[in-house]
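A.B. asks: Contents of start.txt (compact mmCIF, C-alpha atoms):
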# COMPACT_ATOMS: atom_id res chain seq x y z
CA MET R 2 26.72 35.78 129.24
CA ASN R 3 28.73 38.42 127.41
CA TYR R 4 31.87 39.11 129.45
CA LYS R 5 33.00 41.85 127.07
CA LEU R 6 29.72 43.69 127.52
CA ILE R 7 29.94 43.40 131.32
CA ALA R 8 33.50 44.76 131.16
CA ASP R 9 32.39 47.69 128.98
CA VAL R 10 29.54 48.58 131.34
CA SER R 11 31.88 48.33 134.36
CA ARG R 12 34.39 50.63 132.66
CA SER R 13 31.69 53.15 131.82
CA LEU R 14 30.46 53.26 135.44
CA LEU R 15 34.04 53.61 136.67
CA LEU R 16 34.82 56.52 134.33
CA ALA R 17 31.50 58.19 135.06
CA ARG R 18 32.58 58.61 138.68
CA TRP R 19 36.32 58.78 138.03
CA LYS R 20 37.09 61.08 140.98
CA GLN R 21 35.54 58.67 143.48
CA THR R 22 37.24 55.77 141.71
CA LEU R 23 40.58 57.56 141.95
CA VAL R 24 40.08 58.20 145.68
CA ALA R 25 39.30 54.53 146.26
CA ALA R 26 42.34 53.41 144.25
CA ILE R 27 44.56 55.86 146.16
CA GLY R 28 43.25 54.41 149.43
CA VAL R 29 44.23 50.90 148.34
CA THR R 30 47.58 52.14 147.02
CA PHE R 31 48.40 53.94 150.25
CA SER R 32 47.40 50.94 152.36
CA ILE R 33 49.50 48.47 150.37
CA THR R 34 52.44 50.90 150.27
CA MET R 35 52.45 51.33 154.04
CA PHE R 36 51.82 47.61 154.58
CA ILE R 37 54.86 46.64 152.49
CA SER R 38 57.20 49.31 153.84
CA LEU R 39 56.15 48.74 157.45
CA LEU R 40 56.63 44.98 157.33
CA SER R 41 59.90 45.29 155.41
CA PHE R 42 61.32 47.76 157.91
CA MET R 43 60.10 45.94 161.04
CA SER R 44 61.31 42.59 159.71
CA GLY R 45 64.70 44.12 158.91
CA LEU R 46 64.83 45.59 162.41
CA ASN R 47 63.99 42.18 163.90
CA ASP R 48 66.77 40.58 161.87
CA LEU R 49 69.20 43.23 163.11
CA LEU R 50 68.26 42.85 166.77
CA ASP R 51 68.21 39.06 166.58
CA GLY R 52 71.61 39.12 164.91
CA LEU R 53 73.13 40.88 167.90
CA ILE R 54 72.52 37.87 170.13
CA ILE R 55 70.62 35.00 168.56
CA ASN R 56 72.73 34.72 165.41
CA ARG R 57 75.85 34.90 167.58
CA THR R 58 74.57 32.19 169.90
CA PRO R 59 74.92 28.45 169.19
CA HIS R 60 71.69 26.58 168.70
CA ILE R 61 72.94 24.13 171.33
CA ARG R 62 75.77 24.69 173.77
CA LEU R 63 77.39 21.64 175.37
CA TYR R 64 79.48 22.22 178.50
CA ASN R 65 80.28 20.99 182.00
CA GLU R 66 78.51 22.93 184.72
CA ILE R 67 80.00 23.03 188.21
CA LYS R 68 77.16 22.27 190.62
CA PRO R 69 76.54 20.32 193.84
CA SER R 70 75.97 16.59 193.67
CA ALA R 71 72.32 15.63 193.45
CA GLN R 72 72.90 12.76 195.89
CA GLN R 73 74.56 13.67 199.21
CA PRO R 74 76.25 10.94 201.31
CA VAL R 75 73.60 11.10 204.00
CA SER R 76 70.93 10.22 201.43
CA LEU R 77 72.85 7.06 200.53
CA SER R 78 72.92 5.79 204.11
CA ASP R 79 70.47 3.02 204.94
CA ARG R 80 70.02 4.52 208.36
CA PHE R 81 68.71 7.86 207.10
CA LYS R 82 67.08 6.88 203.80
CA ASP R 83 63.55 7.22 205.23
CA TYR R 84 64.28 10.64 206.77
CA TYR R 85 64.03 14.14 205.40
CA ASN R 86 67.61 15.38 205.35
CA PHE R 87 68.24 19.13 205.32
CA ILE R 88 71.78 20.04 204.32
CA SER R 89 73.19 23.58 204.12
CA THR R 90 76.38 25.11 202.72
CA ILE R 91 76.82 22.40 200.10
CA ARG R 92 80.02 22.71 198.07
CA PRO R 93 80.10 22.01 194.33
CA LYS R 94 81.55 18.75 193.13
CA LYS R 95 85.30 18.74 192.63
CA GLU R 96 85.54 18.44 188.87
CA ARG R 97 87.07 20.29 185.95
CA LEU R 98 85.33 22.44 183.37
CA GLU R 99 86.95 20.41 180.60
CA ILE R 100 84.75 18.26 178.37
CA TYR R 101 86.28 14.83 178.56
CA ASN R 102 86.59 12.78 175.39
CA ASN R 103 85.59 15.88 173.39
CA ALA R 104 87.24 14.62 170.19
CA ALA R 105 84.93 11.58 170.07
CA ILE R 106 81.90 13.75 170.84
CA MET R 107 82.74 16.19 168.04
CA ASN R 108 83.34 13.36 165.57
CA PHE R 109 79.92 11.95 166.46
CA LEU R 110 78.26 15.35 165.99
CA LYS R 111 79.93 15.90 162.61
CA ILE R 112 78.23 12.85 161.11
CA ASP R 113 74.78 13.79 162.46
CA ASN R 114 72.86 14.96 159.38
CA ARG R 115 70.73 17.29 161.49
CA ILE R 116 73.75 19.44 162.35
CA LEU R 117 75.02 22.25 160.15
CA GLY R 118 78.36 22.62 161.91
CA ILE R 119 80.19 22.63 165.24
CA ALA R 120 82.76 24.98 166.78
CA PRO R 121 84.86 24.08 169.85
CA LYS R 122 85.50 26.83 172.38
CA ILE R 123 87.29 27.60 175.64
CA LEU R 124 85.81 30.08 178.10
CA THR R 125 88.12 31.31 180.86
CA GLN R 126 88.03 34.10 183.43
CA VAL R 127 91.11 36.36 183.36
CA PHE R 128 92.48 39.64 184.65
CA TYR R 129 93.70 42.24 182.17
CA ASN R 130 96.66 43.92 183.81
CA VAL R 131 96.72 47.70 183.30
CA GLY R 132 99.54 49.06 185.43
CA ALA R 133 98.55 48.59 189.05
CA ILE R 134 94.92 47.92 188.09
CA ASP R 135 93.45 44.53 187.13
CA LEU R 136 90.33 44.49 184.95
CA THR R 137 88.21 41.36 185.17
CA GLY R 138 87.04 39.79 181.94
CA VAL R 139 86.65 36.70 179.81
CA ILE R 140 88.76 35.28 177.00
CA ASN R 141 87.00 33.20 174.36
CA GLY R 142 89.35 30.65 172.88
CA ILE R 143 87.94 29.85 169.44
CA ASP R 144 88.56 27.84 166.32
CA VAL R 145 88.87 30.91 164.10
CA GLU R 146 87.62 29.37 160.84
CA ALA R 147 84.69 27.51 162.44
CA GLU R 148 83.68 30.59 164.47
CA ASN R 149 83.64 32.75 161.37
CA LYS R 150 81.74 30.18 159.30
CA LEU R 151 78.99 29.57 161.84
CA PHE R 152 78.78 32.93 163.66
CA LEU R 153 80.12 35.45 161.09
CA PHE R 154 82.92 36.52 163.43
CA GLN R 155 84.55 38.76 160.82
CA ASN R 156 81.45 41.00 160.70
CA TYR R 157 82.10 42.07 164.28
CA VAL R 158 85.83 42.73 163.92
CA THR R 159 85.92 46.50 163.31
CA GLU R 160 89.72 46.88 163.17
CA GLY R 161 92.37 44.38 162.18
CA ASN R 162 91.92 40.99 160.54
CA TYR R 163 90.26 38.11 162.35
CA VAL R 164 92.56 35.59 160.58
CA ASP R 165 95.53 37.05 162.49
CA LEU R 166 94.32 35.16 165.57
CA LYS R 167 95.20 31.96 163.74
CA ASN R 168 98.34 33.16 161.95
CA ILE R 169 100.01 35.13 164.77
CA PRO R 170 100.92 33.16 167.92
CA ASN R 171 99.95 34.60 171.31
CA SER R 172 97.57 37.16 169.79
CA ILE R 173 94.27 38.59 171.02
CA ILE R 174 91.31 40.61 169.69
CA LEU R 175 89.89 42.94 172.35
CA GLY R 176 86.37 44.21 172.78
CA LYS R 177 86.11 47.86 171.76
CA GLY R 178 85.06 49.04 175.23
CA LEU R 179 87.84 47.02 176.85
CA SER R 180 90.47 48.43 174.49
CA GLU R 181 89.37 51.98 175.34
CA LYS R 182 89.71 51.26 179.05
CA MET R 183 93.20 49.87 178.49
CA LEU R 184 94.17 52.62 175.97
CA SER R 185 95.54 49.89 173.72
CA ASN R 186 96.19 49.99 169.98
CA ILE R 187 96.78 47.31 167.37
CA GLY R 188 100.31 46.04 167.78
CA ASP R 189 100.46 46.67 171.53
CA VAL R 190 101.35 43.86 173.93
CA ILE R 191 99.10 43.47 176.96
CA GLN R 192 99.52 41.33 180.06
CA VAL R 193 96.82 38.81 181.00
CA THR R 194 96.67 36.87 184.27
CA THR R 195 94.62 33.73 184.78
CA SER R 196 92.69 32.86 187.94
CA LYS R 197 95.60 30.57 188.89
CA GLY R 198 98.00 33.51 188.86
CA GLU R 199 99.79 32.65 185.59
CA ARG R 200 100.67 35.71 183.52
CA MET R 201 101.20 35.82 179.76
CA PRO R 202 101.87 38.64 177.25
CA LEU R 203 99.47 38.77 174.26
CA LYS R 204 99.73 40.91 171.14
CA VAL R 205 96.65 42.95 170.17
CA VAL R 206 95.78 42.22 166.51
CA GLY R 207 92.29 43.71 166.32
CA PHE R 208 89.16 45.02 168.02
CA PHE R 209 85.62 43.68 167.87
CA GLN R 210 82.30 45.35 168.62
CA SER R 211 79.17 43.28 169.13
CA GLY R 212 76.82 46.17 169.86
CA LEU R 213 76.29 44.96 173.44
CA GLN R 214 78.25 47.12 175.85
CA ASP R 215 78.56 44.52 178.60
CA ILE R 216 80.25 42.13 176.17
CA ASP R 217 82.48 44.74 174.54
CA ASN R 218 83.70 45.96 177.95
CA THR R 219 84.82 42.57 179.25
CA GLN R 220 85.34 39.98 176.53
CA SER R 221 88.14 39.24 174.10
CA TYR R 222 89.03 36.49 171.62
CA ALA R 223 92.11 34.35 171.16
CA SER R 224 92.78 31.14 169.28
CA ILE R 225 92.21 27.83 171.02
CA ALA R 226 95.95 27.09 170.95
CA THR R 227 96.79 30.44 172.59
CA THR R 228 94.12 29.94 175.27
CA GLN R 229 95.35 26.42 176.04
CA LYS R 230 98.87 27.79 176.37
CA LEU R 231 97.60 30.59 178.64
CA LEU R 232 95.94 28.04 180.91
CA SER R 233 98.87 25.58 180.71
CA GLU R 234 96.48 22.94 179.41
CA PRO R 235 97.07 20.22 176.78
CA GLY R 236 95.91 20.49 173.18
CA SER R 237 92.81 18.41 173.93
CA TYR R 238 91.44 20.89 176.50
CA ILE R 239 87.95 22.20 175.48
CA THR R 240 85.24 23.67 177.74
CA ASP R 241 82.41 24.21 175.23
CA ILE R 242 81.10 22.65 172.03
CA GLN R 243 78.88 24.99 170.02
CA VAL R 244 76.37 23.36 167.70
CA LYS R 245 74.50 24.95 164.81
CA LEU R 246 71.52 23.02 163.42
CA LYS R 247 69.98 22.96 159.97
CA ASP R 248 66.56 23.41 161.61
CA ILE R 249 66.65 25.68 164.67
CA THR R 250 63.26 24.41 165.88
CA LEU R 251 64.88 21.06 166.73
CA ALA R 252 67.17 22.70 169.30
CA PRO R 253 65.14 21.94 172.49
CA GLU R 254 64.60 18.32 171.48
CA LEU R 255 68.22 17.69 170.48
CA ALA R 256 69.56 19.48 173.57
CA LEU R 257 67.79 16.93 175.79
CA GLU R 258 69.00 14.09 173.58
CA TYR R 259 72.65 15.19 173.69
CA GLN R 260 72.47 15.92 177.42
CA ASP R 261 71.49 12.32 178.13
CA LEU R 262 73.83 10.87 175.51
CA PHE R 263 77.02 12.71 176.51
CA ASP R 264 76.26 13.35 180.20
CA LEU R 265 76.84 17.09 179.68
CA GLU R 266 74.82 20.22 180.27
CA ALA R 267 73.03 21.29 177.06
CA VAL R 268 71.32 24.66 176.63
CA ASP R 269 69.24 25.34 173.52
CA ILE R 270 68.93 28.75 171.91
CA GLN R 271 65.22 29.12 172.71
CA THR R 272 65.94 28.75 176.43
CA ALA R 273 69.03 30.96 176.37
CA ASN R 274 67.39 33.80 174.42
CA SER R 275 63.67 33.50 175.06
CA GLN R 276 63.33 37.25 175.72
CA PHE R 277 64.65 38.12 172.26
CA GLU R 278 62.26 35.73 170.52
CA THR R 279 59.38 37.20 172.52
CA GLY R 280 60.33 40.74 171.47
CA SER R 281 60.60 39.74 167.81
CA SER R 282 57.22 38.00 167.91
CA VAL R 283 55.52 41.01 169.50
CA ARG R 284 57.01 43.42 166.95
CA THR R 285 55.95 41.16 164.07
CA ILE R 286 52.38 40.88 165.40
CA ILE R 287 52.16 44.66 165.78
CA SER R 288 53.43 45.20 162.22
CA TYR R 289 50.93 42.77 160.69
CA SER R 290 48.11 44.20 162.81
CA VAL R 291 48.77 47.76 161.67
CA GLY R 292 49.19 46.73 158.03
CA ILE R 293 46.02 44.65 157.92
CA THR R 294 44.12 47.46 159.66
CA LEU R 295 45.16 49.83 156.88
CA LEU R 296 43.85 47.39 154.27
CA ILE R 297 40.55 46.95 156.10
CA VAL R 298 40.11 50.73 156.34
CA ALA R 299 40.74 51.00 152.60
CA GLY R 300 38.15 48.27 152.06
CA PHE R 301 35.54 50.26 153.98
CA GLY R 302 36.34 53.26 151.78
CA ILE R 303 35.65 51.20 148.66
CA TYR R 304 32.47 49.83 150.23
CA ASN R 305 31.16 53.35 150.90
CA ILE R 306 32.04 54.55 147.40
CA LEU R 307 30.28 51.61 145.74
CA ASN R 308 27.29 52.03 148.03
CA MET R 309 26.96 55.67 146.99
CA MET R 310 27.43 54.69 143.35
CA ILE R 311 24.50 52.26 143.60
CA TYR R 312 22.19 54.90 145.05
CA GLU R 313 23.24 57.41 142.40
CA LYS R 314 22.94 54.86 139.60
CA MET R 315 19.58 53.35 140.54
CA ASP R 316 18.05 54.41 137.23
CA SER R 317 21.02 53.01 135.26
CA ILE R 318 20.76 49.70 137.10
CA ALA R 319 17.00 49.62 136.45
CA ILE R 320 17.57 50.24 132.74
CA LEU R 321 20.22 47.50 132.62
CA LYS R 322 17.85 45.00 134.20
CA ALA R 323 14.94 46.16 132.03
CA THR R 324 17.06 45.61 128.89
CA GLY R 325 17.89 42.00 129.77
CA PHE R 326 20.69 42.09 132.34
CA SER R 327 20.06 39.56 135.09
CA GLY R 328 20.73 40.08 138.78
CA LYS R 329 23.89 37.99 138.44
CA ASP R 330 25.09 40.22 135.60
CA VAL R 331 24.60 43.35 137.74
CA ASN R 332 26.38 41.58 140.59
CA ARG R 333 29.34 40.81 138.30
CA ILE R 334 29.45 44.42 137.08
CA PHE R 335 29.91 45.89 140.56
CA ILE R 336 32.30 43.17 141.67
CA THR R 337 34.32 43.87 138.52
CA ILE R 338 34.41 47.54 139.49
CA ALA R 339 35.62 46.68 143.00
CA LEU R 340 38.27 44.24 141.75
CA SER R 341 39.48 46.75 139.16
CA ILE R 342 40.04 49.29 141.91
CA GLY R 343 41.76 46.65 144.07
CA ILE R 344 44.04 45.32 141.32
CA PHE R 345 45.01 48.76 140.01
CA GLY R 346 45.57 50.18 143.49
CA GLY R 347 47.32 47.01 144.62
CA ILE R 348 49.83 47.04 141.75
CA LEU R 349 50.66 50.68 142.41
CA GLY R 350 50.88 49.91 146.12
CA LEU R 351 53.40 47.12 145.54
CA ILE R 352 55.53 49.38 143.34
CA PHE R 353 55.41 52.33 145.74
CA GLY R 354 55.95 49.97 148.71
CA PHE R 355 59.14 48.65 147.13
CA GLY R 356 60.23 52.19 146.32
CA LEU R 357 59.59 53.44 149.86
CA SER R 358 61.42 50.41 151.30
CA ALA R 359 64.39 51.11 149.04
CA LEU R 360 64.33 54.75 150.17
CA ILE R 361 64.37 53.72 153.84
CA ASP R 362 67.23 51.35 153.04
CA GLN R 363 69.31 54.35 151.90
CA ILE R 364 68.74 56.51 154.97
CA PRO R 365 72.00 56.73 156.98
CA PHE R 366 71.92 55.00 160.36
CA ASN R 367 75.14 55.64 162.23
CA THR R 368 75.55 54.63 165.85
CA PRO R 369 78.77 53.94 167.78
CA SER R 370 77.30 50.72 169.20
CA LEU R 371 76.71 49.22 165.73
CA PRO R 372 79.62 50.29 163.54
CA THR R 373 78.91 47.71 160.82
CA ILE R 374 75.37 49.07 160.24
CA LYS R 375 75.39 52.03 157.86
CA THR R 376 71.71 52.35 156.86
CA TYR R 377 68.34 51.41 158.30
CA PRO R 378 67.70 47.65 157.95
CA VAL R 379 65.08 46.53 155.43
CA ASN R 380 63.98 42.99 154.55
CA TYR R 381 62.80 42.58 150.93
CA ASN R 382 60.95 39.35 151.57
CA ILE R 383 58.74 38.36 148.61
CA VAL R 384 56.20 36.97 151.11
CA PHE R 385 55.27 40.51 152.19
CA TYR R 386 54.44 41.45 148.59
CA ALA R 387 52.41 38.28 148.09
CA ILE R 388 50.42 38.96 151.27
CA GLY R 389 49.82 42.58 150.19
CA ALA R 390 48.60 41.50 146.75
CA VAL R 391 46.25 38.86 148.14
CA PHE R 392 44.81 41.17 150.78
CA SER R 393 44.21 43.97 148.29
CA ILE R 394 42.14 41.63 146.11
CA VAL R 395 40.30 39.96 149.01
CA THR R 396 39.39 43.18 150.82
CA THR R 397 38.21 44.94 147.66
CA TYR R 398 36.21 41.87 146.61
CA LEU R 399 34.44 41.79 149.98
CA ALA R 400 33.96 45.56 149.85
CA GLY R 401 32.25 45.20 146.47
CA TYR R 402 30.34 42.02 147.16
CA PHE R 403 27.70 43.45 149.50
CA PRO R 404 26.87 46.56 147.42
CA ALA R 405 26.82 44.34 144.31
CA ARG R 406 24.44 41.95 146.00
CA LYS R 407 22.17 44.87 146.90
CA ALA R 408 22.28 46.16 143.32
CA SER R 409 21.38 42.73 141.90
CA LYS R 410 18.15 42.69 143.95
CA ILE R 411 16.86 46.05 142.72
CA ASP R 412 13.38 45.80 141.08
CA PRO R 413 13.54 47.87 137.87
CA VAL R 414 9.74 48.34 137.80
CA ILE R 415 9.75 50.11 141.19
CA ILE R 416 12.68 52.33 140.21
CA ILE R 417 11.19 53.32 136.82
CA ARG R 418 7.71 53.87 138.32
CA GLY R 419 9.23 56.09 141.01
CA LYS R 420 11.00 58.15 138.35
Represent the structure from my file as structure tokens, please.
C.D. replies:
Amino acid sequence: MNYKLIADVSRSLLLARWKQTLVAAIGVTFSITMFISLLSFMSGLNDLLDGLIINRTPHIRLYNEIKPSAQQPVSLSDRFKDYYNFISTIRPKKERLEIYNNAAIMNFLKIDNRILGIAPKILTQVFYNVGAIDLTGVINGIDVEAENKLFLFQNYVTEGNYVDLKNIPNSIILGKGLSEKMLSNIGDVIQVTTSKGERMPLKVVGFFQSGLQDIDNTQSYASIATTQKLLSEPGSYITDIQVKLKDITLAPELALEYQDLFDLEAVDIQTANSQFETGSSVRTIISYSVGITLLIVAGFGIYNILNMMIYEKMDSIAILKATGFSGKDVNRIFITIALSIGIFGGILGLIFGFGLSALIDQIPFNTPSLPTIKTYPVNYNIVFYAIGAVFSIVTTYLAGYFPARKASKIDPVIIIRGK
């Protein structure tokens, strides 16, 4: 079998119908270009939306939840143990939100090789005093360095420096919406009152904007030491332990493990943000579906072009077979034609897809809710390009296989006699 001869014949047939060949190649190029740019853009959009909540959420949150006792006194009585007891207006157990023995728990978590890092936190309800008006809200007492390392806190601080929370005593970073309600500026001193009625002045050192209005209108950040001082609690007082894992898929399993081990409530990220994961999955499925549909449509275009080429080149195929080319050789010729179109169009499609993605990445995207985002998000994942390249070859091969198989079965005697 002479591969060079088969290649020469394939090239001659391609150039003989160069306009149809160009149309087929353009179809593959367009499909790959749109496939790459669509997936890159949608994946970038998913990363952006997930980052608003999921990347700011611990993979596992450990805390004490105030809830009624599972066993009521009447259920413990021997007299009523065989009865159905209906109890109404049950009060929660009298216990504190503090995580007891939190230092030992955090030391244990630090040596667990499945954990990327931990960040202690204090959540407390407060009133922001604005003249005669009290605004309800939440202060997050954080370990500034750990919060920034695990949750990229500095990316959400739009004015001021996040490190000032650690360096300046009695300081606070307000949500952007909250600061606008209070008409506060950096350097101002605001009054904050706890649920116990204790009031404390805090200096505003910055503003943050998460992109979620409900959070920006109510929440603020202070250091753990400042929050403990605000609540008149000792230095060991912690209400939450935030855990980031090396493998996020282990979160549900480890949450149950830690809940039993530490006798604490444990919420994993999949449970806390299931709606966001569902949205991301749906958008990804839609993107792949549209992209693959484009490739399949391009494959049908190549199939039709090769089919027409076979009918128009019946006499050429007959002559080839009459001069010694076998059915397998004819099959290889038309598959070579199809693969040539697929490879050439696929390479151009990958180049143009990258170019279009880069162009989208430069388009300004300015919105008050996302001040840190300046252009449309694009994800340049090499996997998208690999999938595009593989699909361009596979679809064009299948598009050429069936016409090639038909051409290999042509009887040259019938064709020549008919001529």
A.B. asks: When you count all atoms listed in the file, which of these residues is closest to Gln192 in chain R: R:Val127, R:Ile169, R:Ile112, R:Leu40?
C.D. replies: R:Val127
A.B. asks: Please indicate the distance in Å from CA of Ser44 in chain R to CA of Asn380 in chain R, rounded to one decimal place.
C.D. replies: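 Atom-to-atom, CA of Ser44 in chain R to CA of Asn380 in chain R, that is 5.8 Å.
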A.B. asks: Residues near Glu234 in chain R, anyone? I mean within 12 Å using all atoms listed in the file, not counting same-chain ones fewer than 2 positions away, as a PyMOL selection string.
C.D. replies: chain R and resi 97-99+123+125+199+225-232+236-240
A.B. asks: Given the choices R:Gly401, R:Ser288, R:Thr272, R:Tyr129, which gets closest to Gly302 in chain R if the distance is worked out from all atoms listed in the file?
C.D. replies: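 Closest residue, counting all atoms listed in the file: R:Gly401.
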A.B. asks: I'd like the interatomic distance between CA of Gly207 in chain R and CA of Leu49 in chain R, to a tenth of an Å.
C.D. replies: 23.3 Å
A.B. asks: Could you please determine the separation between CA of Thr137 in chain R and CA of Lys204 in chain R in Å, to one decimal place?
C.D. replies: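 Going from CA of Thr137 in chain R over to CA of Lys204 in chain R covers 18.2 Å.
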A.B. asks: Choose the residue, out of R:Ile388, R:Ile187, R:Val298, R:Ile61, that has the smallest atom-to-atom separation from Leu251 in chain R; count all atoms listed in the file.
C.D. replies: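 Nearest to Leu251 in chain R: R:Ile61.
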A.B. asks: Have a look at R:Ser180, R:Ser409, R:Ile297, R:Leu117 and name the one nearest to Asp330 in chain R; count all atoms listed in the file.
C.D. replies: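 Closest to Asp330 in chain R, using all atoms listed in the file: R:Ser409.
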A.B. asks: Would you kindly return, as a PyMOL selection string, each protein, DNA or RNA residue with an atom no farther than 12 Å from any atom of Leu296 in chain R, considering only C-alpha atoms and excluding same-chain residues fewer than 6 positions away?
C.D. replies: chain R and resi 25-37+289-290+302-303+343+346-347+350+388-397+399-400
